[in-house]
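To keep things clear, I will list the structure first and then write my remarks on it.
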Amino acid sequence: MKPAGFDYAVPRTVPETLDALADTARDIKVLAGGQSLILEMHLQRIQPDLVVDINRVTELDRLSVNDGTVEVGALIRHGAFESPQAVPGPLGTLFSRAVVNIAHPPIRVRGTMVGSLAWAHPASEWCAIATALDADILLQGPDGTRQVPASDWFRGPLRTARRPGELITSVRFPLLGADSGVGFIEHRRTHFCFAQVAVAAALTVRGRVIDEARIGLVNCADRPVRAHAAAQALTGADVGSLGTDHRLPDGHPFLRAGRIAAEQDAAPLAEPYADLEYRRHAIAVLVGRTLRQAAEGVPQ
Ligand SMILES: Cc1cc2nc3c(=O)[nH]c(=O)nc-3n(C[C@H](O)[C@H](O)[C@H](O)COP(=O)(O)OP(=O)(O)OC[C@H]3O[C@@H](n4cnc5c(N)ncnc54)[C@H](O)[C@@H]3O)c2cc1C
């Protein structure tokens with residue numbers, strides 16, 4: 001199919017973009033990487049009156065590190081994070097482990113992190129990482145600027161707290177301290193499918209005791225999940241010896257956290273090829289493995 005007809009605007013600055021978005025009586029869509037929007041327009045599931053292409057708004061093509069945070073502008077592509085050095089410290093490692101799971105290289109060259117947060121697909125890797133790490137979404141719109149914590153941003157599948165006429169200008173993440181270890185593991189049916197389940201984790205361990213755990217679940221509910229109950233159960237737990245065996249010993253805190261995440265934090269929906277029992281099992285196993293990967297990355 002081909003898209004239905006639409007008007008097209010190509011602003012050069014943020015104020016010009018806001019002007020183009022101002023007529024809230026029309027169905028207006030921002031075009032960033034186009035890797036979700038154009039597909040939906042071709043299928044005619046989305047038929048905007050006006051497409052506002054932000055690709056020439058150079059001020060949105062910025063990645064900056066300030067005061068313990070990294071701010072990712074709305075035109076920074078997924079592929080920018082394939083190098084762990086793109087962002088300082090363990091956060092760069094986490095991003096680089098996650099990003100290779102997003103689609104395939106041509107999509108990562110065009111698609112943007114902010115576009116993923118705007119699209120809010122429950123199987124998006126960035127949405128779960130933003131939720132787990134308490135990122136802030138920064139917006140400009142008719143009422144000025146505002147920022148929304150990721151915990152309040154996602155309202156359901158493809159639904160967010162964005163208001164009509166607003167442009168997301170960037171997303172801001174707290175950097176992770178050098179004493180943190182990170183993990184990201186994804187399970188999917190074939191290489192190019194969306195995640196059936198994926199888990200992001202950041203752990204701070206002092207000695208052998210867990211100081212703080214942050215766990216994000218991908219495609220485990222109708223929106224990204226921060227696994228608070230599992231993380232709480234881990235605080236103060238003794239990681240013990242992880243050994244070299246692939247399996248964690250029975251009763252290990254990471255296995256317990258996996259079961260808690262699957263039973264209390266996640267609210268998975270059954271999907272073709274993955275009933276609820278399978279999905280809860282996959283969540284429990286992946287959370288345990290991802291926590292182990294994170295603990296192994298904590299500097300000794
Ligand atoms: C085959 C295929 C496989 C994929 N696999 C994955 C995957 O495994 N994981 C994953 O996370 N994604 C996947 N994607 C989606 C991809 O990551 C998209 O790039 C992403 O969802 C949207 O980013 P975009 O920059 O392309 O946004 P666009 O497609 O340009 O826009 C998407 C939506 O967000 C809005 N939007 C974008 N930017 C802004 C902004 N700055 N302010 C306000 N609204 C905005 C648009 O109006 C539109 O509604 C896949 C896509 C395809 C085609």
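Each chain of the structure tokens is named A, B, ... in the order shown, its residues numbered from 1; ligands are numbered from 1 in display order.
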
Using only C-alpha atoms and all ligand atoms, which residues of chain A come within 7 Å of ligand 1, and what is the closest atom pair for each, with the distance in Å to one decimal? Give it as a Markdown table, sorted by chain and residue number.
| residue | atom | partner | partner_atom_place_in_ligand_line | distance |
| --- | --- | --- | --- | --- |
| A:Lys29 | CA | ligand 1 | 47 (O) | 4.1 |
| A:Val30 | CA | ligand 1 | 47 (O) | 3.7 |
| A:Leu31 | CA | ligand 1 | 30 (O) | 4.1 |
| A:Ala32 | CA | ligand 1 | 30 (O) | 3.5 |
| A:Gly33 | CA | ligand 1 | 25 (O) | 3.4 |
| A:Gly34 | CA | ligand 1 | 30 (O) | 3.3 |
| A:Gln35 | CA | ligand 1 | 26 (O) | 3.5 |
| A:Ser36 | CA | ligand 1 | 29 (O) | 3.5 |
| A:Leu37 | CA | ligand 1 | 29 (O) | 3.7 |
| A:Ile38 | CA | ligand 1 | 29 (O) | 6.1 |
| A:Leu39 | CA | ligand 1 | 53 (C) | 6.7 |
| A:Ala74 | CA | ligand 1 | 41 (N) | 4.9 |
| A:Asn101 | CA | ligand 1 | 8 (O) | 5.9 |
| A:Ile102 | CA | ligand 1 | 8 (O) | 3.8 |
| A:Ala103 | CA | ligand 1 | 5 (N) | 3.7 |
| A:Ile107 | CA | ligand 1 | 19 (O) | 6.2 |
| A:Arg108 | CA | ligand 1 | 19 (O) | 6.8 |
| A:Arg110 | CA | ligand 1 | 26 (O) | 6.3 |
| A:Gly111 | CA | ligand 1 | 19 (O) | 3.3 |
| A:Thr112 | CA | ligand 1 | 25 (O) | 3.7 |
| A:Met113 | CA | ligand 1 | 23 (O) | 6.3 |
| A:Val114 | CA | ligand 1 | 38 (N) | 5.7 |
| A:Gly115 | CA | ligand 1 | 23 (O) | 3.5 |
| A:Ser116 | CA | ligand 1 | 21 (O) | 4.1 |
| A:Ala118 | CA | ligand 1 | 34 (O) | 4.3 |
| A:Trp119 | CA | ligand 1 | 34 (O) | 4.3 |
| A:His121 | CA | ligand 1 | 11 (O) | 7.0 |
| A:Ala123 | CA | ligand 1 | 11 (O) | 6.2 |
| A:Ser124 | CA | ligand 1 | 11 (O) | 3.4 |
| A:Glu125 | CA | ligand 1 | 11 (O) | 5.0 |
| A:Trp126 | CA | ligand 1 | 11 (O) | 6.3 |
| A:Glu166 | CA | ligand 1 | 43 (C) | 6.4 |
| A:Leu167 | CA | ligand 1 | 42 (N) | 4.0 |
| A:Ile168 | CA | ligand 1 | 42 (N) | 3.8 |
| A:Thr169 | CA | ligand 1 | 41 (N) | 5.6 |
| A:Phe192 | CA | ligand 1 | 3 (C) | 6.4 |
| A:Cys193 | CA | ligand 1 | 8 (O) | 6.1 |
| A:Phe194 | CA | ligand 1 | 8 (O) | 4.0 |
| A:Ala195 | CA | ligand 1 | 8 (O) | 6.1 |

Checklist entry - Residues at most 7 Å from range 137-144 of chain A, counting only C-alpha atoms, excluding those fewer than 2 positions away in the same chain, as a list in words? => result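 Returned residues: Leu18, Ala135, Arg146, Gln147, Val148, Pro149, Ala150, Gly165, Glu166, Leu167, Ile168, Thr169, Ser170, Val171 and Arg172 of chain A.
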
Next on the checklist: Between CA of Phe95 in chain A and CA of Gly216 in chain A, what is the distance in Å, rounded to a tenth?
Outcome noted: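 These atoms are spaced 12.9 Å apart.
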
Next on the checklist: Show me, as number ranges by chain, the residues that have an atom within 6 Å of Pro3 in chain A when counting only C-alpha atoms, minus same-chain residues fewer than 2 positions from it.
Outcome noted: A: 41-42, 44

Could you dump the residues just selected with N, CA, C and O atoms as a PDB file, in the first residue's frame?
ATOM      1  N   MET A  41       2.298   4.513   8.035  1.00  0.00           N
ATOM      2  CA  MET A  41       1.632   5.316   6.990  1.00  0.00           C
ATOM      3  C   MET A  41       1.426   4.479   5.726  1.00  0.00           C
ATOM      4  O   MET A  41       0.388   4.576   5.073  1.00  0.00           O
ATOM      5  N   HIS A  42       2.413   3.644   5.398  1.00  0.00           N
ATOM      6  CA  HIS A  42       2.250   2.770   4.230  1.00  0.00           C
ATOM      7  C   HIS A  42       1.090   1.803   4.422  1.00  0.00           C
ATOM      8  O   HIS A  42       0.380   1.476   3.475  1.00  0.00           O
ATOM      9  N   GLN A  44      -1.429   2.497   6.052  1.00  0.00           N
ATOM     10  CA  GLN A  44      -2.580   3.395   6.240  1.00  0.00           C
ATOM     11  C   GLN A  44      -3.254   3.207   7.595  1.00  0.00           C
ATOM     12  O   GLN A  44      -4.433   3.465   7.761  1.00  0.00           O
TER      13      GLN A  44
END

Checklist entry - Nearest to Gln264 in chain A among A:Arg97, A:Arg214, A:Arg280, A:Arg12, with distances taken over only C-alpha atoms: which residue is it? => result A:Arg280

Checklist entry - Just asking: which residues within range 51-119 of chain A are strand (DSSP E or B) according to DSSP, as an NGL selection string? => result :A and (51-53 or 63-66 or 69-73 or 77 or 112)

Next on the checklist: Restricting the calculation to only C-alpha atoms: of A:Val10, A:Leu234, A:Val287, A:Val199, which residue gets closest to Val57 in chain A?
Outcome noted: A:Val10

Next on the checklist: If I take CA of Arg292 in chain A and CA of His78 in chain A, how far is one from the other in Å, to one decimal?
Outcome noted: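 Going from CA of Arg292 in chain A over to CA of His78 in chain A, I get 25.8 Å.
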
Checklist entry - Please, what distance in Å, to one decimal, runs between CA of Asp7 in chain A and CA of Leu21 in chain A? => result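 If I compute the distance from CA of Asp7 in chain A to CA of Leu21 in chain A, I get 12.2 Å.
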
Item to check | Residue contacts of range 155-164 of chain A (7 Å, only C-alpha atoms) excluding same-chain residues fewer than 5 positions away, as a ChimeraX atom specification | outcome: /A:24,119-122,222-223

Limited to N, CA, C and O atoms, could you put the picked residues into a file as a PDB file, in the first residue's frame?
ATOM      1  N   THR A  24      -3.447  22.293  16.523  1.00  0.00           N
ATOM      2  CA  THR A  24      -3.795  21.017  17.146  1.00  0.00           C
ATOM      3  C   THR A  24      -5.129  20.453  16.638  1.00  0.00           C
ATOM      4  O   THR A  24      -5.506  19.347  17.001  1.00  0.00           O
ATOM      5  N   TRP A 119       7.258   6.581  20.405  1.00  0.00           N
ATOM      6  CA  TRP A 119       6.398   5.528  19.846  1.00  0.00           C
ATOM      7  C   TRP A 119       5.876   4.616  20.959  1.00  0.00           C
ATOM      8  O   TRP A 119       4.767   4.106  20.921  1.00  0.00           O
ATOM      9  N   ALA A 120       6.715   4.355  21.982  1.00  0.00           N
ATOM     10  CA  ALA A 120       6.287   3.638  23.199  1.00  0.00           C
ATOM     11  C   ALA A 120       5.782   2.221  22.935  1.00  0.00           C
ATOM     12  O   ALA A 120       4.749   1.813  23.473  1.00  0.00           O
ATOM     13  N   HIS A 121       6.528   1.498  22.145  1.00  0.00           N
ATOM     14  CA  HIS A 121       6.187   0.080  21.933  1.00  0.00           C
ATOM     15  C   HIS A 121       6.630  -0.713  23.171  1.00  0.00           C
ATOM     16  O   HIS A 121       7.740  -0.514  23.669  1.00  0.00           O
ATOM     17  N   PRO A 122       5.771  -1.594  23.691  1.00  0.00           N
ATOM     18  CA  PRO A 122       6.152  -2.326  24.912  1.00  0.00           C
ATOM     19  C   PRO A 122       7.408  -3.186  24.728  1.00  0.00           C
ATOM     20  O   PRO A 122       8.054  -3.536  25.714  1.00  0.00           O
ATOM     21  N   ASP A 222       1.935  -4.201  29.243  1.00  0.00           N
ATOM     22  CA  ASP A 222       1.486  -3.350  28.134  1.00  0.00           C
ATOM     23  C   ASP A 222       2.341  -2.092  27.999  1.00  0.00           C
ATOM     24  O   ASP A 222       2.085  -1.240  27.176  1.00  0.00           O
ATOM     25  N   ARG A 223       3.360  -1.976  28.858  1.00  0.00           N
ATOM     26  CA  ARG A 223       4.290  -0.841  28.837  1.00  0.00           C
ATOM     27  C   ARG A 223       5.588  -1.310  29.494  1.00  0.00           C
ATOM     28  O   ARG A 223       5.610  -2.378  30.124  1.00  0.00           O
TER      29      ARG A 223
END

Item to check | Backbone DSSP call of helix (DSSP H, G or I) for range 12-249 of chain A, listed as a PyMOL selection string | outcome: chain A and resi 14-21+37-42+58-60+78-81+84-86+89-99+105-110+113-119+125-132+150-153+228-234

Checklist entry - Any idea what's packed within 10 Å of range 226-230 of chain A, counting only C-alpha atoms, ignoring anything in its chain fewer than 2 positions away? Could you give it as a PyMOL selection string? => result chain A and resi 128-134+151+199-201+213-218+223-224+232-235+253-254+256-266+287

Those same residues - N, CA, C and O atoms - I'd like them written as a CSV table (one decimal), in the first residue's frame.
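To be explicit, this is the file written out as part-v7.csv:
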chain,number,residue,atom,x,y,z
A,128,ALA,N,12.4,0.4,28.1
A,128,ALA,CA,12.6,-0.3,29.4
A,128,ALA,C,13.9,0.3,30.1
A,128,ALA,O,13.9,0.4,31.4
A,129,ILE,N,14.9,0.6,29.4
A,129,ILE,CA,16.1,1.2,30.0
A,129,ILE,C,15.8,2.5,30.6
A,129,ILE,O,16.2,2.8,31.8
A,130,ALA,N,15.1,3.4,29.9
A,130,ALA,CA,14.7,4.7,30.4
A,130,ALA,C,13.9,4.5,31.7
A,130,ALA,O,14.1,5.3,32.7
A,131,THR,N,13.0,3.5,31.7
A,131,THR,CA,12.2,3.3,32.9
A,131,THR,C,13.0,2.8,34.1
A,131,THR,O,12.8,3.3,35.2
A,132,ALA,N,13.9,1.9,33.8
A,132,ALA,CA,14.7,1.3,34.9
A,132,ALA,C,15.6,2.3,35.5
A,132,ALA,O,15.9,2.3,36.7
A,133,LEU,N,16.1,3.3,34.7
A,133,LEU,CA,17.1,4.2,35.2
A,133,LEU,C,16.5,5.6,35.5
A,133,LEU,O,17.3,6.5,35.8
A,134,ASP,N,15.2,5.7,35.5
A,134,ASP,CA,14.6,7.0,35.9
A,134,ASP,C,15.0,8.2,35.0
A,134,ASP,O,15.4,9.2,35.4
A,151,SER,N,8.9,7.1,34.5
A,151,SER,CA,7.9,6.4,35.3
A,151,SER,C,6.5,6.9,35.0
A,151,SER,O,5.5,6.2,35.2
A,199,VAL,N,15.7,-8.1,29.4
A,199,VAL,CA,16.0,-7.6,30.7
A,199,VAL,C,17.2,-6.7,30.7
A,199,VAL,O,18.2,-7.1,30.1
A,200,ALA,N,17.1,-5.5,31.3
A,200,ALA,CA,18.2,-4.6,31.5
A,200,ALA,C,18.4,-4.5,33.0
A,200,ALA,O,17.5,-4.5,33.8
A,201,ALA,N,19.7,-4.6,33.4
A,201,ALA,CA,20.0,-4.5,34.9
A,201,ALA,C,21.2,-3.6,35.1
A,201,ALA,O,22.2,-3.6,34.4
A,213,ALA,N,19.8,-2.2,43.1
A,213,ALA,CA,19.6,-2.9,41.9
A,213,ALA,C,18.5,-2.2,41.1
A,213,ALA,O,17.5,-1.7,41.7
A,214,ARG,N,18.7,-2.0,39.8
A,214,ARG,CA,17.7,-1.4,38.9
A,214,ARG,C,17.5,-2.4,37.8
A,214,ARG,O,18.4,-2.8,37.1
A,215,ILE,N,16.2,-2.7,37.6
A,215,ILE,CA,15.9,-3.8,36.6
A,215,ILE,C,14.8,-3.3,35.8
A,215,ILE,O,13.7,-2.9,36.2
A,216,GLY,N,15.0,-3.4,34.4
A,216,GLY,CA,13.9,-3.0,33.5
A,216,GLY,C,13.5,-4.2,32.7
A,216,GLY,O,14.4,-5.0,32.3
A,217,LEU,N,12.2,-4.4,32.5
A,217,LEU,CA,11.7,-5.5,31.7
A,217,LEU,C,11.1,-5.1,30.4
A,217,LEU,O,10.3,-4.1,30.4
A,218,VAL,N,11.5,-5.7,29.3
A,218,VAL,CA,11.0,-5.4,28.0
A,218,VAL,C,10.0,-6.4,27.6
A,218,VAL,O,10.2,-7.6,27.7
A,223,ARG,N,3.4,-2.0,28.9
A,223,ARG,CA,4.3,-0.8,28.8
A,223,ARG,C,5.6,-1.3,29.5
A,223,ARG,O,5.6,-2.4,30.1
A,224,PRO,N,6.7,-0.5,29.4
A,224,PRO,CA,7.9,-1.0,30.0
A,224,PRO,C,7.7,-1.1,31.6
A,224,PRO,O,7.0,-0.3,32.1
A,232,GLN,N,13.9,-4.7,45.3
A,232,GLN,CA,13.8,-4.5,46.7
A,232,GLN,C,14.3,-5.8,47.4
A,232,GLN,O,15.1,-5.7,48.4
A,233,ALA,N,13.9,-6.9,46.9
A,233,ALA,CA,14.4,-8.2,47.5
A,233,ALA,C,15.9,-8.4,47.4
A,233,ALA,O,16.4,-9.2,48.2
A,234,LEU,N,16.5,-7.7,46.5
A,234,LEU,CA,18.0,-7.9,46.3
A,234,LEU,C,18.8,-7.0,47.2
A,234,LEU,O,19.9,-7.3,47.5
A,235,THR,N,18.2,-5.8,47.6
A,235,THR,CA,19.0,-4.8,48.4
A,235,THR,C,19.4,-5.5,49.7
A,235,THR,O,18.7,-6.1,50.4
A,253,PRO,N,20.1,-15.4,45.5
A,253,PRO,CA,19.3,-14.3,45.4
A,253,PRO,C,18.8,-13.9,44.0
A,253,PRO,O,17.7,-13.3,43.8
A,254,PHE,N,19.7,-14.1,43.0
A,254,PHE,CA,19.3,-13.7,41.6
A,254,PHE,C,18.2,-14.6,41.1
A,254,PHE,O,17.3,-14.1,40.3
A,256,ARG,N,15.9,-16.0,43.0
A,256,ARG,CA,14.7,-15.5,43.8
A,256,ARG,C,14.2,-14.2,43.2
A,256,ARG,O,13.0,-14.1,42.9
A,257,ALA,N,15.1,-13.3,42.8
A,257,ALA,CA,14.6,-12.1,42.2
A,257,ALA,C,13.9,-12.3,40.9
A,257,ALA,O,13.0,-11.6,40.5
A,258,GLY,N,14.4,-13.3,40.1
A,258,GLY,CA,13.8,-13.6,38.9
A,258,GLY,C,12.4,-14.1,39.1
A,258,GLY,O,11.5,-13.6,38.3
A,259,ARG,N,12.2,-14.9,40.1
A,259,ARG,CA,10.8,-15.4,40.3
A,259,ARG,C,9.9,-14.2,40.8
A,259,ARG,O,8.7,-14.1,40.3
A,260,ILE,N,10.4,-13.4,41.6
A,260,ILE,CA,9.6,-12.2,42.1
A,260,ILE,C,9.3,-11.3,40.9
A,260,ILE,O,8.1,-10.9,40.7
A,261,ALA,N,10.3,-11.1,40.0
A,261,ALA,CA,10.0,-10.2,38.9
A,261,ALA,C,8.9,-10.8,38.0
A,261,ALA,O,8.0,-10.1,37.6
A,262,ALA,N,9.0,-12.1,37.8
A,262,ALA,CA,8.0,-12.8,36.9
A,262,ALA,C,6.6,-12.8,37.6
A,262,ALA,O,5.6,-12.6,36.9
A,263,GLU,N,6.5,-12.9,38.9
A,263,GLU,CA,5.2,-13.1,39.5
A,263,GLU,C,4.6,-11.8,40.0
A,263,GLU,O,3.4,-11.6,40.0
A,264,GLN,N,5.5,-10.8,40.4
A,264,GLN,CA,4.9,-9.6,41.1
A,264,GLN,C,5.1,-8.4,40.2
A,264,GLN,O,4.2,-7.5,40.2
A,265,ASP,N,6.2,-8.3,39.5
A,265,ASP,CA,6.5,-7.0,38.7
A,265,ASP,C,5.8,-7.1,37.3
A,265,ASP,O,5.3,-6.1,36.8
A,266,ALA,N,6.0,-8.2,36.6
A,266,ALA,CA,5.6,-8.3,35.3
A,266,ALA,C,4.1,-8.6,35.2
A,266,ALA,O,3.5,-9.1,36.1
A,287,VAL,N,15.9,-12.7,34.0
A,287,VAL,CA,16.3,-11.8,35.1
A,287,VAL,C,17.5,-12.3,35.9
A,287,VAL,O,18.5,-11.6,36.1

Checklist outcome for this item: Using only C-alpha atoms, the shortest atom-to-atom distance to Leu203 in chain A among A:Ala237, A:Cys127, A:Val298, A:Ile54 belongs to A:Val298

Checklist entry - Could you name the residues that touch Glu277 in chain A at 12 Å or less, counting only C-alpha atoms, but leaving out those on the same chain fewer than 4 positions away, as a PyMOL selection string? => result chain A and resi 262-263+267-271+273+281-284

Next on the checklist: Under the rule that only C-alpha atoms are counted, which of A:Leu94, A:Pro48, A:Gly79, A:Thr13 is the nearest residue to Leu60 in chain A?
Outcome noted: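 Looking only at the distances to Leu60 in chain A, the closest residue turns out to be A:Thr13.
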
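Distance check against Val14 in chain A using only C-alpha atoms: of A:Leu276, A:Val52, A:Ala231, A:Ala86, the minimum falls on A:Val52.
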
Checklist entry - Pick the closest to Asp250 in chain A from A:Pro106, A:Arg45, A:Val72, A:Gly288: which is it, counting only C-alpha atoms? => result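 That would be A:Gly288, the residue with the smallest distance to Asp250 in chain A.
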